[in-house]
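K.L.:
So I've got this file, entry-v4.cif, and it contains mmCIF, C-alpha atoms and all ligand atoms:
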data_run
loop_
_atom_site.label_atom_id
_atom_site.label_comp_id
_atom_site.auth_asym_id
_atom_site.auth_seq_id
_atom_site.Cartn_x
_atom_site.Cartn_y
_atom_site.Cartn_z
CA MET A 1 79.14 -34.20 -30.81
CA SER A 2 80.26 -32.37 -33.95
CA GLY A 3 78.32 -29.33 -35.18
CA SER A 4 75.47 -27.52 -33.50
CA VAL A 5 73.26 -29.23 -30.95
CA ARG A 6 69.85 -29.66 -32.56
CA VAL A 7 67.26 -28.78 -29.91
CA GLY A 8 63.60 -29.85 -29.96
CA VAL A 9 61.24 -27.67 -27.91
CA VAL A 10 58.11 -28.94 -26.13
CA GLY A 11 55.95 -25.95 -25.19
CA THR A 12 56.34 -22.66 -27.05
CA GLY A 13 54.65 -20.37 -24.52
CA MET A 14 56.21 -17.48 -22.66
CA ILE A 15 59.47 -18.99 -21.42
CA GLY A 16 59.70 -21.45 -24.32
CA GLN A 17 59.81 -18.51 -26.73
CA ASP A 18 62.28 -16.65 -24.55
CA HIS A 19 64.62 -19.67 -24.45
CA ILE A 20 64.24 -20.16 -28.23
CA ARG A 21 65.24 -16.51 -28.70
CA ARG A 22 68.35 -16.95 -26.59
CA ILE A 23 69.33 -20.25 -28.26
CA THR A 24 68.92 -18.83 -31.76
CA GLN A 25 70.03 -15.21 -31.23
CA VAL A 26 72.24 -14.95 -28.15
CA LEU A 27 74.00 -18.23 -27.41
CA SER A 28 76.32 -20.36 -29.47
CA GLY A 29 76.50 -24.04 -30.35
CA ALA A 30 72.80 -24.89 -30.78
CA ASP A 31 69.86 -24.52 -33.16
CA VAL A 32 66.16 -25.15 -32.71
CA THR A 33 65.08 -27.80 -35.20
CA ALA A 34 61.66 -28.97 -33.99
CA VAL A 35 58.83 -27.51 -31.90
CA THR A 36 55.43 -28.47 -30.57
CA ASP A 37 52.72 -26.88 -28.47
CA LEU A 38 49.22 -27.85 -27.41
CA SER A 39 48.23 -24.88 -29.52
CA ALA A 40 49.25 -25.92 -33.03
CA ASP A 41 48.74 -22.31 -34.17
CA LEU A 42 51.20 -21.02 -31.62
CA ALA A 43 53.78 -23.68 -32.56
CA GLN A 44 53.38 -22.73 -36.24
CA GLN A 45 53.74 -19.05 -35.44
CA VAL A 46 56.93 -19.62 -33.43
CA ALA A 47 58.40 -21.96 -36.09
CA ALA A 48 57.70 -19.34 -38.76
CA GLY A 49 60.24 -17.08 -37.07
CA LEU A 50 62.93 -19.78 -37.15
CA LYS A 51 65.26 -20.88 -39.93
CA ASP A 52 64.47 -24.56 -40.34
CA ALA A 53 62.27 -25.81 -37.52
CA THR A 54 59.62 -28.44 -38.16
CA VAL A 55 56.31 -28.40 -36.27
CA HIS A 56 55.05 -31.60 -34.65
CA ALA A 57 51.74 -32.73 -33.19
CA THR A 58 53.08 -33.99 -29.85
CA GLY A 59 56.04 -33.80 -27.52
CA GLN A 60 56.76 -37.46 -28.15
CA ASP A 61 57.10 -36.71 -31.89
CA VAL A 62 59.62 -33.96 -31.16
CA ILE A 63 61.65 -36.13 -28.78
CA GLY A 64 61.75 -39.07 -31.21
CA ASN A 65 62.61 -36.92 -34.22
CA GLU A 66 65.89 -37.84 -35.92
CA ASN A 67 66.83 -34.16 -36.25
CA VAL A 68 66.66 -33.64 -32.50
CA ASP A 69 69.75 -34.27 -30.33
CA ALA A 70 68.48 -32.71 -27.12
CA VAL A 71 65.15 -31.62 -25.67
CA LEU A 72 63.96 -28.39 -24.03
CA VAL A 73 60.82 -28.94 -21.92
CA THR A 74 58.97 -25.67 -21.37
CA SER A 75 55.39 -26.92 -21.21
CA TRP A 76 53.21 -26.75 -18.08
CA GLY A 77 54.58 -28.42 -14.94
CA PRO A 78 52.23 -31.45 -14.81
CA THR A 79 53.41 -32.51 -18.30
CA HIS A 80 57.14 -32.41 -17.48
CA GLU A 81 57.44 -35.98 -16.16
CA GLU A 82 56.21 -37.56 -19.40
CA TYR A 83 58.60 -35.61 -21.61
CA VAL A 84 61.63 -35.89 -19.34
CA LEU A 85 61.12 -39.66 -19.15
CA ALA A 86 60.74 -39.85 -22.92
CA GLY A 87 63.99 -37.90 -23.37
CA ILE A 88 65.87 -40.24 -21.04
CA ALA A 89 64.37 -43.30 -22.79
CA ALA A 90 65.61 -41.90 -26.12
CA GLY A 91 69.07 -41.29 -24.59
CA LYS A 92 68.71 -37.55 -25.32
CA PRO A 93 69.76 -34.84 -22.86
CA VAL A 94 66.86 -32.80 -21.48
CA PHE A 95 66.72 -29.26 -20.13
CA CYS A 96 63.50 -29.09 -18.10
CA GLU A 97 62.13 -25.82 -16.75
CA LYS A 98 61.17 -25.87 -13.08
CA PRO A 99 59.46 -27.77 -11.59
CA LEU A 100 61.17 -31.00 -12.63
CA ALA A 101 57.74 -32.57 -12.00
CA THR A 102 54.81 -31.69 -9.79
CA THR A 103 54.84 -34.72 -7.46
CA GLN A 104 57.57 -36.45 -5.50
CA ARG A 105 56.60 -39.76 -7.11
CA ALA A 106 57.10 -38.28 -10.58
CA CYS A 107 60.50 -36.85 -9.59
CA ARG A 108 61.53 -40.26 -8.25
CA ASN A 109 60.43 -41.90 -11.51
CA ILE A 110 62.80 -39.54 -13.32
CA ILE A 111 65.63 -40.28 -10.88
CA ASP A 112 65.04 -44.02 -11.30
CA ALA A 113 65.14 -43.71 -15.10
CA GLU A 114 68.37 -41.68 -15.01
CA VAL A 115 69.99 -44.10 -12.57
CA ALA A 116 68.99 -46.99 -14.86
CA ALA A 117 70.50 -45.10 -17.80
CA GLY A 118 73.70 -44.92 -15.75
CA ARG A 119 74.39 -41.23 -16.32
CA ARG A 120 72.96 -37.77 -15.89
CA LEU A 121 70.81 -36.60 -18.79
CA VAL A 122 68.65 -33.95 -17.10
CA GLN A 123 69.23 -30.32 -16.12
CA VAL A 124 66.54 -28.41 -14.22
CA GLY A 125 65.92 -24.69 -14.83
CA PHE A 126 67.05 -23.37 -11.44
CA MET A 127 68.68 -20.34 -13.06
CA ARG A 128 69.49 -18.49 -9.85
CA ARG A 129 72.56 -20.70 -9.45
CA TYR A 130 73.97 -18.96 -12.55
CA ASP A 131 73.30 -15.43 -11.31
CA ASP A 132 76.46 -13.42 -10.55
CA ALA A 133 75.11 -12.01 -7.30
CA TYR A 134 74.13 -15.45 -5.95
CA ARG A 135 77.48 -16.84 -7.04
CA GLY A 136 79.23 -14.03 -5.18
CA LEU A 137 77.21 -14.83 -2.08
CA LYS A 138 78.11 -18.52 -2.34
CA ASN A 139 81.80 -17.64 -2.73
CA VAL A 140 81.69 -15.57 0.46
CA ILE A 141 80.05 -18.42 2.37
CA GLU A 142 82.50 -21.00 1.06
CA ALA A 143 85.53 -18.82 1.76
CA GLY A 144 84.52 -18.74 5.44
CA THR A 145 84.73 -14.93 5.46
CA ILE A 146 81.65 -14.57 7.68
CA GLY A 147 82.20 -17.79 9.64
CA ALA A 148 79.61 -20.55 9.69
CA PRO A 149 76.18 -19.50 8.40
CA LEU A 150 73.54 -19.34 11.13
CA MET A 151 70.51 -17.92 9.34
CA TYR A 152 69.53 -17.10 5.76
CA TYR A 153 66.71 -14.80 4.62
CA SER A 154 65.31 -15.20 1.11
CA GLY A 155 62.84 -12.58 -0.10
CA HIS A 156 60.87 -13.29 -3.30
CA ARG A 157 58.63 -10.43 -4.39
CA ASN A 158 56.56 -10.30 -7.56
CA PRO A 159 54.74 -7.11 -8.59
CA GLY A 160 51.53 -9.05 -9.25
CA VAL A 161 50.23 -12.45 -10.36
CA PRO A 162 47.51 -13.62 -12.77
CA ASP A 163 43.99 -14.46 -11.54
CA SER A 164 44.75 -18.17 -11.96
CA TYR A 165 47.50 -17.98 -9.29
CA THR A 166 46.64 -19.79 -6.02
CA THR A 167 48.12 -19.59 -2.54
CA ASP A 168 49.74 -23.03 -2.98
CA MET A 169 51.52 -21.63 -6.06
CA ALA A 170 53.34 -19.13 -3.85
CA ILE A 171 55.10 -22.27 -2.61
CA VAL A 172 55.29 -24.67 -5.58
CA ASP A 173 55.71 -22.10 -8.37
CA THR A 174 57.49 -19.23 -6.62
CA ALA A 175 59.27 -20.29 -3.40
CA VAL A 176 60.61 -23.42 -5.14
CA HIS A 177 63.43 -21.16 -6.41
CA ASP A 178 64.23 -20.00 -2.87
CA PHE A 179 64.29 -23.57 -1.57
CA ASP A 180 66.67 -24.62 -4.32
CA VAL A 181 69.00 -21.67 -4.02
CA ALA A 182 69.18 -21.98 -0.22
CA ARG A 183 70.09 -25.70 -0.49
CA TRP A 184 72.77 -24.74 -3.00
CA LEU A 185 74.16 -21.77 -1.05
CA LEU A 186 74.33 -23.66 2.22
CA ALA A 187 75.28 -26.99 0.62
CA GLU A 188 72.87 -28.93 2.79
CA GLU A 189 69.34 -30.28 2.81
CA PHE A 190 66.30 -29.16 4.76
CA THR A 191 64.81 -31.21 7.58
CA GLY A 192 61.53 -29.41 8.29
CA VAL A 193 59.32 -26.44 7.46
CA GLN A 194 56.64 -24.25 9.07
CA VAL A 195 54.53 -21.72 7.21
CA LEU A 196 53.17 -18.56 8.82
CA ALA A 197 50.40 -16.49 7.30
CA PRO A 198 50.53 -12.79 8.21
CA ARG A 199 47.87 -10.16 7.61
CA ARG A 200 46.87 -10.28 3.94
CA ASN A 201 47.83 -7.79 1.27
CA ARG A 202 44.62 -6.10 0.11
CA HIS A 203 45.80 -6.38 -3.52
CA GLY A 204 45.73 -10.20 -3.36
CA GLY A 205 41.97 -10.84 -3.23
CA ASP A 206 41.46 -14.34 -1.79
CA LEU A 207 45.16 -15.16 -1.84
CA GLN A 208 47.03 -15.66 1.39
CA ASP A 209 49.76 -13.20 0.50
CA PRO A 210 52.42 -12.75 1.84
CA LEU A 211 53.69 -16.04 3.30
CA LEU A 212 56.60 -16.51 5.67
CA MET A 213 58.23 -19.92 5.75
CA ILE A 214 60.74 -21.04 8.34
CA LEU A 215 62.92 -24.00 7.41
CA GLU A 216 65.67 -25.83 9.23
CA THR A 217 68.69 -27.47 7.64
CA THR A 218 70.55 -30.58 8.78
CA SER A 219 73.20 -28.49 10.59
CA GLY A 220 70.57 -26.28 12.25
CA VAL A 221 70.70 -23.19 10.03
CA LEU A 222 67.31 -21.43 10.02
CA VAL A 223 66.12 -20.21 6.64
CA SER A 224 63.23 -17.77 6.30
CA VAL A 225 61.52 -17.40 2.94
CA GLU A 226 59.15 -14.53 2.25
CA THR A 227 56.84 -14.63 -0.74
CA SER A 228 55.04 -11.37 -1.53
CA VAL A 229 53.39 -11.71 -4.90
CA ASN A 230 51.45 -8.44 -5.02
CA ILE A 231 54.20 -6.05 -4.00
CA ARG A 232 53.41 -3.68 -6.86
CA TYR A 233 56.74 -1.78 -6.99
CA GLY A 234 58.66 -4.36 -9.05
CA TYR A 235 60.34 -7.78 -9.02
CA ASP A 236 62.59 -7.80 -6.00
CA ILE A 237 64.81 -10.71 -5.03
CA ARG A 238 66.60 -10.53 -1.68
CA GLY A 239 69.04 -12.79 0.09
CA GLU A 240 71.10 -12.31 3.24
CA VAL A 241 73.20 -14.74 5.22
CA VAL A 242 73.92 -14.09 8.87
CA GLY A 243 77.17 -15.79 9.84
CA GLU A 244 79.21 -16.09 13.03
CA ASP A 245 81.56 -13.25 12.04
CA GLY A 246 79.54 -11.09 9.68
CA THR A 247 76.73 -10.96 7.18
CA ALA A 248 76.59 -11.11 3.39
CA ALA A 249 73.71 -10.03 1.19
CA LEU A 250 72.82 -9.86 -2.50
CA ALA A 251 73.50 -6.30 -3.62
CA ASP A 252 70.74 -4.20 -5.17
CA ARG A 253 70.98 -4.63 -8.89
CA GLY A 254 70.32 -1.24 -10.39
CA GLN A 255 73.21 -0.03 -12.56
CA VAL A 256 72.83 3.60 -11.57
CA VAL A 257 71.85 5.38 -8.39
CA LEU A 258 70.10 8.64 -9.16
CA ARG A 259 70.27 11.47 -6.62
CA ARG A 260 67.86 14.27 -7.27
CA GLY A 261 65.49 16.53 -5.35
CA GLY A 262 66.56 15.25 -1.95
CA THR A 263 66.22 11.54 -2.84
CA ALA A 264 68.48 8.76 -4.09
CA SER A 265 66.90 6.08 -6.27
CA GLY A 266 67.65 3.13 -8.53
CA ALA A 267 65.58 1.01 -10.92
CA VAL A 268 63.83 -2.17 -9.76
CA PRO A 269 63.40 -4.92 -12.41
CA GLN A 270 59.84 -5.50 -13.59
CA ASP A 271 59.91 -9.27 -13.81
CA TRP A 272 62.11 -12.37 -13.68
CA ARG A 273 63.04 -12.12 -17.35
CA GLU A 274 64.71 -8.80 -16.68
CA ARG A 275 66.24 -9.66 -13.29
CA PHE A 276 67.69 -13.00 -14.36
CA ILE A 277 68.34 -12.37 -18.06
CA ASP A 278 72.06 -13.13 -17.75
CA ALA A 279 71.45 -16.16 -15.54
CA TYR A 280 69.03 -17.70 -18.08
CA ASP A 281 71.64 -17.13 -20.80
CA SER A 282 74.37 -18.78 -18.72
CA GLU A 283 72.33 -21.79 -17.63
CA LEU A 284 71.35 -22.63 -21.20
CA GLN A 285 74.86 -22.04 -22.53
CA ASP A 286 76.19 -24.34 -19.81
CA TRP A 287 73.67 -26.98 -20.88
CA ILE A 288 74.54 -26.61 -24.57
CA ASN A 289 78.24 -26.89 -23.74
CA ALA A 290 77.67 -30.03 -21.66
CA VAL A 291 75.57 -31.62 -24.40
CA SER A 292 78.18 -30.71 -27.06
CA ALA A 293 80.88 -32.28 -24.94
CA GLY A 294 78.83 -35.48 -24.61
CA ALA A 295 78.45 -34.92 -20.85
CA GLY A 296 74.64 -35.19 -20.82
CA ALA A 297 74.10 -32.53 -18.15
CA THR A 298 76.23 -30.86 -15.50
CA GLY A 299 73.89 -28.15 -14.10
CA PRO A 300 71.13 -28.48 -11.47
CA SER A 301 70.12 -32.13 -11.46
CA SER A 302 67.06 -34.33 -11.11
CA TRP A 303 68.13 -34.77 -7.50
CA ASP A 304 67.86 -31.00 -7.03
CA GLY A 305 64.44 -31.04 -8.71
CA TYR A 306 63.32 -33.88 -6.44
CA ALA A 307 64.69 -32.33 -3.22
CA ALA A 308 62.99 -28.99 -3.99
CA GLN A 309 59.70 -30.78 -4.70
CA VAL A 310 59.81 -32.63 -1.37
CA VAL A 311 60.26 -29.28 0.40
CA CYS A 312 57.37 -27.81 -1.63
CA ASP A 313 55.07 -30.68 -0.66
CA ALA A 314 56.02 -30.36 3.01
CA ALA A 315 55.47 -26.59 2.90
CA VAL A 316 52.02 -27.00 1.31
CA ASP A 317 51.12 -29.46 4.10
CA ALA A 318 52.50 -27.04 6.67
CA LEU A 319 50.45 -24.17 5.20
CA HIS A 320 47.21 -26.13 5.43
CA SER A 321 47.86 -27.85 8.78
CA GLY A 322 49.53 -24.97 10.58
CA GLU A 323 52.06 -27.51 11.87
CA ARG A 324 55.79 -28.03 11.33
CA VAL A 325 56.21 -30.74 8.68
CA ALA A 326 59.32 -32.89 8.36
CA VAL A 327 61.24 -33.03 5.08
CA ASP A 328 62.26 -36.62 4.35
CA LEU A 329 64.43 -37.43 1.37
CA ILE A 330 65.36 -40.80 -0.08
CA GLU A 331 69.03 -41.76 -0.13
CA LYS A 332 70.91 -39.81 -2.77
CA PRO A 333 71.90 -42.06 -5.71
CA ALA A 334 75.60 -42.12 -6.53
CA ILE A 335 75.22 -40.47 -9.95
CA TYR A 336 74.29 -37.21 -8.17
CA ALA A 337 77.21 -37.32 -5.74
CA GLY A 338 80.43 -35.40 -6.19
CA GLY A 339 79.73 -31.80 -5.60
CA GLN A 340 77.30 -29.12 -6.29
CA HIS A 341 75.84 -28.24 -9.62
CA PRO A 342 76.87 -26.08 -11.34
N1 LIG B 1 62.77 -20.43 -14.34
C1 LIG B 1 61.87 -19.46 -14.28
O1 LIG B 1 62.10 -18.40 -13.72
C2 LIG B 1 60.55 -19.64 -14.92
C3 LIG B 1 60.08 -20.90 -15.18
N2 LIG B 1 58.85 -21.07 -15.71
C4 LIG B 1 58.37 -22.46 -15.90
O2 LIG B 1 58.29 -22.73 -17.30
C5 LIG B 1 57.18 -23.57 -17.59
C6 LIG B 1 56.30 -22.87 -18.62
O3 LIG B 1 55.85 -21.65 -18.09
P1 LIG B 1 55.32 -20.45 -19.03
O4 LIG B 1 56.11 -20.39 -20.27
O5 LIG B 1 55.23 -19.28 -18.14
O6 LIG B 1 53.85 -20.97 -19.35
P2 LIG B 1 52.99 -20.68 -20.67
O7 LIG B 1 51.60 -21.07 -20.32
O8 LIG B 1 53.25 -19.32 -21.18
O9 LIG B 1 53.60 -21.70 -21.74
C7 LIG B 1 53.49 -23.08 -21.62
C8 LIG B 1 53.15 -23.61 -23.01
O10 LIG B 1 53.16 -25.04 -22.94
C9 LIG B 1 52.12 -25.51 -23.77
N3 LIG B 1 51.80 -26.88 -23.35
C10 LIG B 1 51.18 -27.28 -22.23
N4 LIG B 1 51.08 -28.62 -22.21
C11 LIG B 1 51.67 -29.08 -23.34
C12 LIG B 1 51.90 -30.34 -23.88
N5 LIG B 1 51.49 -31.45 -23.27
N6 LIG B 1 52.55 -30.43 -25.05
C13 LIG B 1 52.97 -29.33 -25.71
N7 LIG B 1 52.76 -28.07 -25.23
C14 LIG B 1 52.13 -27.96 -24.07
C15 LIG B 1 50.97 -24.52 -23.57
O11 LIG B 1 50.05 -24.56 -24.63
C16 LIG B 1 51.75 -23.20 -23.49
O12 LIG B 1 51.86 -22.58 -24.76
C17 LIG B 1 56.49 -23.83 -16.24
O13 LIG B 1 56.92 -25.05 -15.73
C18 LIG B 1 56.98 -22.67 -15.36
O14 LIG B 1 57.01 -22.98 -13.99
C19 LIG B 1 58.08 -20.02 -16.09
C20 LIG B 1 58.51 -18.74 -15.86
C21 LIG B 1 59.77 -18.44 -15.27
O1 LIG B 2 59.61 -19.16 -12.06
C1 LIG B 2 59.02 -18.12 -11.97
C2 LIG B 2 57.56 -18.00 -12.15
O2 LIG B 2 57.02 -19.22 -12.62
C3 LIG B 2 56.95 -17.66 -10.81
O3 LIG B 2 55.55 -17.47 -10.93
C4 LIG B 2 57.57 -16.39 -10.23
O4 LIG B 2 57.06 -16.16 -8.94
C5 LIG B 2 59.09 -16.55 -10.13
O5 LIG B 2 59.64 -15.36 -9.65
C6 LIG B 2 59.67 -16.89 -11.50
O6 LIG B 2 61.06 -17.02 -11.40
#
What is this structure when it is put down as structure tokens?
Ligand SMILES: NC(=O)C1=CN([C@@H]2O[C@H](COP(=O)(O)OP(=O)(O)OC[C@H]3O[C@@H](n4cnc5c(N)ncnc54)[C@H](O)[C@@H]3O)[C@@H](O)[C@H]2O)C=CC1
Ligand SMILES: O=C1[C@@H](O)[C@H](O)[C@@H](O)[C@H](O)[C@H]1O

P.N.:
Amino acid sequence: MSGSVRVGVVGTGMIGQDHIRRITQVLSGADVTAVTDLSADLAQQVAAGLKDATVHATGQDVIGNENVDAVLVTSWGPTHEEYVLAGIAAGKPVFCEKPLATTQRACRNIIDAEVAAGRRLVQVGFMRRYDDAYRGLKNVIEAGTIGAPLMYYSGHRNPGVPDSYTTDMAIVDTAVHDFDVARWLLAEEFTGVQVLAPRRNRHGGDLQDPLLMILETTSGVLVSVETSVNIRYGYDIRGEVVGEDGTAALADRGQVVLRRGGTASGAVPQDWRERFIDAYDSELQDWINAVSAGAGATGPSSWDGYAAQVVCDAAVDALHSGERVAVDLIEKPAIYAGGQHP
């Protein structure tokens, strides 16, 4: 493709605006040329801050627009399937924020459409794979420095959540990142999940918070995922692999350690935008580069979106039944073979 990639945006809410900012002010090789939102006022307001973006009534209008080469889907999860399918049908690459779709059936519909198109066109917003610390951890695992991984702990702590947040969302909205990044770090799929519900945090109201999930992988690695979404002190993302010969953990991220008055301290990020700011930049630049090169998509795939959704569904069942629930995936289509994305 010659010139800038012309991106059409479906959903100009919180992360839609943040991604528009990075495409137009931080990254190179793309412009935003068309936007839509359920709230026409919001779409107008966002377009007013852009050079030449047109505002459209629906996502379908954006996707079909002749000035749009590629689509960014940042609307609410249940709407993702429709727009991702429309992008594939139009032969336009799609970057879809997580979740790829909110049901396994919908994820399979997307996989089927991509397989029928004969090439990858979809990248899912699993930005942790682009984070330097997670990449460092993956390098250590792959180098064999700590021997074979035996266990992995993934801590996901949010300072607080809105009133609309439900206990199931701790799995489908929050832990979905941990499921994806663990699959990627360990390079294998999950086979089953149990969910344990400890004593509740008094800040969570009716929420069952925290949750502790125990998952097994095909080779027998045990993965524990903690979600604590009312932790108050900040946005804290933890990861530690226990291997045969050693352990490896994500380092604390603060740039400076302050020692004063008998204590040593460092800053904790306030939210995911701050913690993963570089990772969001890298994932979108990677997507723009792939689209420019005519590659469709090379980052986290529809398969990754599907596999994470199957684990989410099993974990929700496990939460409500109190039982271990098996994770059963379909056979992986050939277009997703050949290594790990990115
Ligand atoms: N990768 C990450 O760390 C994060 C990912 N997300 C994901 O991004 C997506 C959006 O989340 P937020 O921006 O936080 O939500 P938001 O509610 O701030 O924004 C979503 C926007 O989509 C619009 N919308 C909904 N349905 C639409 C439709 N059919 N057509 C056009 N516009 C529509 C809404 O009016 C709203 O303005 C979600 O899937 C969420 O899970 C959100 C935060 C962080
Ligand atoms: O994707 C995200 C949010 O939607 C979710 O609500 C948060 O818990 C995650 O930390 C964030 O990365």

K.L.:
For Val26 in chain A, which residue out of A:Val327, A:Val94, A:Ile277, A:Val311 is the nearest one, using only C-alpha atoms?

P.N.:
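Looking at the shortest contact to Val26 in chain A, the residue is A:Ile277.
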
K.L.:
To check your reading of the model: which residues sit at most 9 Å from ligand LIG 1 (chain B) when counting only C-alpha atoms and all ligand atoms? Write the answer as a ChimeraX atom specification.

P.N.:
/A:9-18,35-40,42-43,57-60,73-80,82-83,96-101,124-128,172-174,177,272-273,276,280

K.L.:
Neighbours of Asp168 in chain A within 10 Å (only C-alpha atoms; same-chain residues fewer than 3 positions away dropped), as a PyMOL selection string?

P.N.:
chain A and resi 165+171-175+207-208+312-313+315-317+319-320

K.L.:
Which of these residues is nearest to ligand LIG 2 (chain B), using all atoms listed in the file: A:Thr145, A:Asn158, A:Gln104, A:Thr247?

P.N.:
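Checking each candidate against ligand LIG 2 (chain B), we get A:Asn158 as the closest.
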
K.L.:
Kindly extract all protein, DNA and RNA residues lying within 9 Å of the coordinates (76.9, -27.1, -29.6) given in the file, considering all atoms listed in the file, and supply them as a list in words.

P.N.:
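Counting all atoms listed in the file, I find these residues within 9 Å of (76.9, -27.1, -29.6): Met1, Ser2, Gly3, Ser4, Val5, Arg6, Ser28, Gly29, Ala30, Asp31, Gln285, Ile288, Asn289, Ala290, Val291, Ser292 and Ala293 of chain A.
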
K.L.:
If we count only C-alpha atoms and set the cut-off at 9 Å, which residues sit around Leu185 in chain A, ignoring sequence neighbours fewer than 6 positions away in its own chain? Please answer as JSON, numbers by chain.

P.N.:
{"A": [129, 134, 135, 137, 138, 139, 141, 142]}

K.L.:
Show which residues sit within 7 Å of Met213 in chain A, as a ChimeraX atom specification. Count all atoms listed in the file, and ignore same-chain residues fewer than 3 positions away.

P.N.:
/A:193-196,224-226

K.L.:
Provide the CA of Asp180 in chain A to CA of Ala308 in chain A distance in Å, to one decimal place.

P.N.:
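Atom-to-atom, CA of Asp180 in chain A and CA of Ala308 in chain A are spaced 5.7 Å apart.
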
K.L.:
By how many Å are CA of Ile231 in chain A and CA of Arg157 in chain A apart?

P.N.:
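Answer for the CA of Ile231 in chain A to CA of Arg157 in chain A separation: 6.2 Å.
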
K.L.:
Do you have the CA of Asp112 in chain A-CA of Ala34 in chain A distance handy?

P.N.:
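Those two atoms sit 27.4 Å apart.
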